[in-house]
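Content type PDB, C-alpha atoms, from the file model.pdb:
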ATOM      1  CA  MET A   4      76.337  78.666 107.244
ATOM      2  CA  THR A   5      79.229  80.861 108.113
ATOM      3  CA  ASP A   6      81.841  81.630 105.459
ATOM      4  CA  GLU A   7      84.249  79.392 107.384
ATOM      5  CA  ALA A   8      81.742  76.502 107.297
ATOM      6  CA  VAL A   9      81.330  76.906 103.527
ATOM      7  CA  PHE A  10      85.095  76.716 103.008
ATOM      8  CA  GLU A  11      85.332  73.681 105.316
ATOM      9  CA  PHE A  12      82.523  71.988 103.359
ATOM     10  CA  PHE A  13      84.437  72.555 100.120
ATOM     11  CA  ASP A  14      87.646  71.231 101.699
ATOM     12  CA  VAL A  15      85.866  67.901 102.224
ATOM     13  CA  VAL A  16      84.369  68.006  98.708
ATOM     14  CA  ASN A  17      87.830  68.646  97.279
ATOM     15  CA  GLY A  18      89.195  65.727  99.298
ATOM     16  CA  ILE A  19      86.612  63.500  97.611
ATOM     17  CA  TRP A  20      87.355  64.847  94.123
ATOM     18  CA  SER A  21      91.134  64.737  94.637
ATOM     19  CA  GLN A  22      91.054  61.140  93.350
ATOM     20  CA  ALA A  23      90.168  62.611  89.951
ATOM     21  CA  ASP A  24      92.669  65.488  90.282
ATOM     22  CA  LEU A  25      89.803  67.993  90.460
ATOM     23  CA  ALA A  26      89.345  70.847  92.889
ATOM     24  CA  PHE A  27      86.613  73.435  93.238
ATOM     25  CA  GLU A  28      87.260  76.989  94.421
ATOM     26  CA  VAL A  29      84.824  79.312  96.121
ATOM     27  CA  GLU A  30      84.890  82.508  94.066
ATOM     28  CA  SER A  31      82.463  84.416  96.220
ATOM     29  CA  ILE A  32      79.750  83.988  98.804
ATOM     30  CA  VAL A  33      76.492  85.848  98.249
ATOM     31  CA  ARG A  34      73.622  85.734 100.683
ATOM     32  CA  THR A  35      70.282  86.390  99.047
ATOM     33  CA  ALA A  36      66.663  85.537  99.668
ATOM     34  CA  ALA A  37      64.802  83.224  97.324
ATOM     35  CA  GLU A  38      62.488  85.050  94.903
ATOM     36  CA  GLU A  39      59.764  82.429  95.132
ATOM     37  CA  GLU A  40      59.808  81.903  98.879
ATOM     38  CA  GLY A  41      56.146  80.842  99.062
ATOM     39  CA  GLY A  42      56.570  78.380  96.221
ATOM     40  CA  PHE A  43      59.719  77.017  97.790
ATOM     41  CA  LEU A  44      57.961  76.423 101.109
ATOM     42  CA  THR A  45      55.162  74.592  99.268
ATOM     43  CA  ALA A  46      57.731  72.489  97.395
ATOM     44  CA  ILE A  47      59.606  71.382 100.506
ATOM     45  CA  GLN A  48      56.356  70.601 102.290
ATOM     46  CA  HIS A  49      55.088  68.398  99.436
ATOM     47  CA  GLY A  50      58.329  66.794  98.386
ATOM     48  CA  GLU A  51      60.233  66.508  95.156
ATOM     49  CA  ARG A  52      57.235  66.124  92.805
ATOM     50  CA  ALA A  53      56.333  69.772  93.348
ATOM     51  CA  GLY A  54      59.894  70.973  93.684
ATOM     52  CA  GLY A  55      61.436  70.914  90.215
ATOM     53  CA  PRO A  56      59.818  73.988  88.623
ATOM     54  CA  VAL A  57      60.077  75.977  91.839
ATOM     55  CA  LEU A  58      63.780  75.236  92.262
ATOM     56  CA  GLN A  59      64.480  76.512  88.752
ATOM     57  CA  ALA A  60      63.016  79.912  89.611
ATOM     58  CA  LEU A  61      64.426  80.324  93.112
ATOM     59  CA  TYR A  62      67.178  82.833  92.536
ATOM     60  CA  PRO A  63      67.426  85.909  90.335
ATOM     61  CA  SER A  64      69.874  85.480  87.473
ATOM     62  CA  ASP A  65      71.714  88.686  88.398
ATOM     63  CA  VAL A  66      73.164  87.021  91.519
ATOM     64  CA  LEU A  67      74.370  83.928  89.638
ATOM     65  CA  LEU A  68      77.758  83.476  88.006
ATOM     66  CA  GLU A  69      77.693  83.183  84.235
ATOM     67  CA  ASP A  70      80.930  81.207  84.128
ATOM     68  CA  GLY A  71      81.250  78.602  86.835
ATOM     69  CA  PHE A  72      79.023  76.592  89.099
ATOM     70  CA  ASN A  73      76.514  78.208  91.401
ATOM     71  CA  VAL A  74      76.007  76.351  94.663
ATOM     72  CA  VAL A  75      73.073  77.237  96.874
ATOM     73  CA  PHE A  76      73.110  76.114 100.493
ATOM     74  CA  LEU A  77      69.710  75.936 102.170
ATOM     75  CA  GLU A  78      69.055  75.434 105.851
ATOM     76  CA  ASP A  79      66.245  72.888 105.467
ATOM     77  CA  PHE A  80      65.074  70.907 102.436
ATOM     78  CA  GLY A  81      62.170  69.108 104.143
ATOM     79  CA  PRO A  82      61.191  65.878 102.340
ATOM     80  CA  MET A  83      63.124  66.822  99.212
ATOM     81  CA  PRO A  84      66.274  64.900  98.289
ATOM     82  CA  PRO A  85      69.350  66.300 100.073
ATOM     83  CA  GLY A  86      70.745  67.744  96.845
ATOM     84  CA  VAL A  87      69.639  68.689  93.344
ATOM     85  CA  TYR A  88      71.405  69.810  90.179
ATOM     86  CA  SER A  89      69.400  71.814  87.652
ATOM     87  CA  CYS A  90      70.870  71.428  84.186
ATOM     88  CA  THR A  91      68.655  74.246  82.895
ATOM     89  CA  THR A  92      69.992  76.837  85.352
ATOM     90  CA  GLY A  93      73.371  75.296  86.193
ATOM     91  CA  VAL A  94      72.628  75.646  89.889
ATOM     92  CA  VAL A  95      73.569  73.026  92.449
ATOM     93  CA  ILE A  96      71.338  73.101  95.511
ATOM     94  CA  THR A  97      72.074  71.278  98.725
ATOM     95  CA  ALA A  98      70.719  71.624 102.218
ATOM     96  CA  ARG A  99      72.115  71.590 105.714
ATOM     97  CA  TYR A 100      69.244  69.359 106.842
ATOM     98  CA  PHE A 101      66.660  67.242 105.057
ATOM     99  CA  GLY A 102      64.022  64.697 105.952
ATOM    100  CA  ALA A 103      60.319  64.827 106.644
ATOM    101  CA  ARG A 104      60.191  63.406 110.162
ATOM    102  CA  MET A 105      63.694  63.393 111.610
ATOM    103  CA  PRO A 106      65.892  65.989 109.952
ATOM    104  CA  MET A 107      69.325  64.582 109.109
ATOM    105  CA  GLU A 108      72.443  66.583 108.421
ATOM    106  CA  VAL A 109      73.556  66.520 104.793
ATOM    107  CA  PRO A 110      77.152  65.319 104.348
ATOM    108  CA  PRO A 111      79.580  67.061 101.953
ATOM    109  CA  SER A 112      79.461  63.957  99.730
ATOM    110  CA  VAL A 113      76.001  65.096  98.564
ATOM    111  CA  LEU A 114      77.487  68.327  97.199
ATOM    112  CA  ALA A 115      80.337  66.322  95.645
ATOM    113  CA  HIS A 116      77.707  64.068  93.988
ATOM    114  CA  GLU A 117      75.701  67.015  92.635
ATOM    115  CA  LEU A 118      78.874  68.631  91.287
ATOM    116  CA  GLY A 119      79.436  65.337  89.472
ATOM    117  CA  HIS A 120      76.111  65.914  87.697
ATOM    118  CA  ALA A 121      77.277  69.439  86.841
ATOM    119  CA  LEU A 122      80.274  67.762  85.182
ATOM    120  CA  SER A 123      77.821  65.624  83.107
ATOM    121  CA  LEU A 124      78.186  62.451  85.158
ATOM    122  CA  GLU A 125      75.079  60.302  85.516
ATOM    123  CA  HIS A 126      74.001  57.988  88.318
ATOM    124  CA  VAL A 127      76.096  54.822  88.164
ATOM    125  CA  CYS A 128      75.576  51.973  90.590
ATOM    126  CA  GLY A 129      77.391  48.685  90.527
ATOM    127  CA  GLU A 130      78.914  46.175  92.857
ATOM    128  CA  THR A 131      81.028  48.787  94.622
ATOM    129  CA  GLU A 132      80.027  52.036  96.280
ATOM    130  CA  ASN A 133      80.832  55.156  94.323
ATOM    131  CA  LEU A 134      80.101  58.852  94.473
ATOM    132  CA  MET A 135      77.625  58.809  91.579
ATOM    133  CA  CYS A 136      75.404  56.036  92.917
ATOM    134  CA  ALA A 137      72.059  57.587  93.859
ATOM    135  CA  ASP A 138      71.588  55.443  96.971
TER
END
Structure re-expressed in structure tokens:
Amino acid sequence: MTDEAVFEFFDVVNGIWSQADLAFEVESIVRTAAEEEGGFLTAIQHGERAGGPVLQALYPSDVLLEDGFNVVFLEDFGPMPPGVYSCTTGVVITARYFGARMPMEVPPSVLAHELGHALSLEHVCGETENLMCAD
């Protein structure tokens, strides 16, 4: 993603969170390769069951913010869910595309949902649609 695309993505996320009077700012954009590239490729090929431990070790801690949320944008997440929040590393991961057979573009609402988890919100589904419903 270009820097401009990242800022546009966050503009939409902030539009979603504006109902709660919350806004997220992009402090910096760092482009770095995953440390466990082979493990990551295995995880996205086999789906989410293999993905958890690999996702926790994807990025070196020296490129992550200590104070704030770290958001990782990936090009393709394969059969994995379109977004993941790791409470152990504090990293939100979302993809540009996901899906095993027909890749679909990930909407900004997925990042908004994962940031909700970073704010300690759980999945909540009811009679009305809401951001934190997993479906």
Discussion item. Give me the residues near Gly119 of chain A as an MDAnalysis selection string, where near means some atom within 10 Å (using only C-alpha atoms) and where sequence neighbours in that chain fewer than 4 positions away do not count.
Written reply: chainID A and resid 20 88 113:115 123:126 134:135
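Distance-wise, atom CA of Val109 of chain A and atom CA of Glu11 of chain A end up 13.8 Å apart.
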Practice prompt. Give as a PyMOL selection string the residues that the PyMOL selection byres ((chain A and resi 112) around 12) matches when applied to the coordinates above.
Written response: chain A and resi 12-20+85-86+97-98+108-111+113-119+133-138
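Distance-wise, atom CA of Phe72 of chain A and atom CA of Gly129 of chain A end up 28.0 Å apart.
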Worksheet entry | Nearest to Thr45 of chain A by atom-to-atom distance, counting only C-alpha atoms, from A:Pro106, A:Arg99, A:Pro82, A:Ala121 |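 For Thr45 of chain A, the nearest of the candidates is A:Pro82.
Separating atom CA of Phe80 of chain A from atom CA of Ala23 of chain A is a distance of 29.2 Å.
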Item to complete: Extract, using all atoms listed in the file, all DNA, RNA and protein residues at most 6 Å from Ile96 of chain A, discarding same-chain residues fewer than 2 positions from it, and format them as a PyMOL selection string.
Response: chain A and resi 74-75+86-87
Worksheet item: Which residue out of A:Tyr100, A:Pro84, A:Val33, A:Leu44 has the minimum interatomic distance to Asp65 of chain A when only C-alpha atoms are used?
Response: A:Val33
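Distances to Glu78 of chain A were evaluated for A:Glu130, A:Glu38, A:Met4, A:Val9 using only C-alpha atoms, and the minimum falls at A:Met4.
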Worksheet item: Where does the PyMOL selection byres ((chain A and resi 68) around 12) land in this file, that is, which residues does it pick, as an NGL selection string?
Response: :A and (29-33 or 62-67 or 69-75 or 92-94)
Store the residues picked out above in a file with C-alpha atoms, as an mmCIF file, in the frame of the given file.
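Result went into part13.cif, see below:
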data_model
loop_
_atom_site.group_PDB
_atom_site.id
_atom_site.type_symbol
_atom_site.label_atom_id
_atom_site.label_comp_id
_atom_site.auth_asym_id
_atom_site.auth_seq_id
_atom_site.Cartn_x
_atom_site.Cartn_y
_atom_site.Cartn_z
ATOM 1 C CA VAL A 29 84.824 79.312 96.121
ATOM 2 C CA GLU A 30 84.890 82.508 94.066
ATOM 3 C CA SER A 31 82.463 84.416 96.220
ATOM 4 C CA ILE A 32 79.750 83.988 98.804
ATOM 5 C CA VAL A 33 76.492 85.848 98.249
ATOM 6 C CA TYR A 62 67.178 82.833 92.536
ATOM 7 C CA PRO A 63 67.426 85.909 90.335
ATOM 8 C CA SER A 64 69.874 85.480 87.473
ATOM 9 C CA ASP A 65 71.714 88.686 88.398
ATOM 10 C CA VAL A 66 73.164 87.021 91.519
ATOM 11 C CA LEU A 67 74.370 83.928 89.638
ATOM 12 C CA GLU A 69 77.693 83.183 84.235
ATOM 13 C CA ASP A 70 80.930 81.207 84.128
ATOM 14 C CA GLY A 71 81.250 78.602 86.835
ATOM 15 C CA PHE A 72 79.023 76.592 89.099
ATOM 16 C CA ASN A 73 76.514 78.208 91.401
ATOM 17 C CA VAL A 74 76.007 76.351 94.663
ATOM 18 C CA VAL A 75 73.073 77.237 96.874
ATOM 19 C CA THR A 92 69.992 76.837 85.352
ATOM 20 C CA GLY A 93 73.371 75.296 86.193
ATOM 21 C CA VAL A 94 72.628 75.646 89.889
#
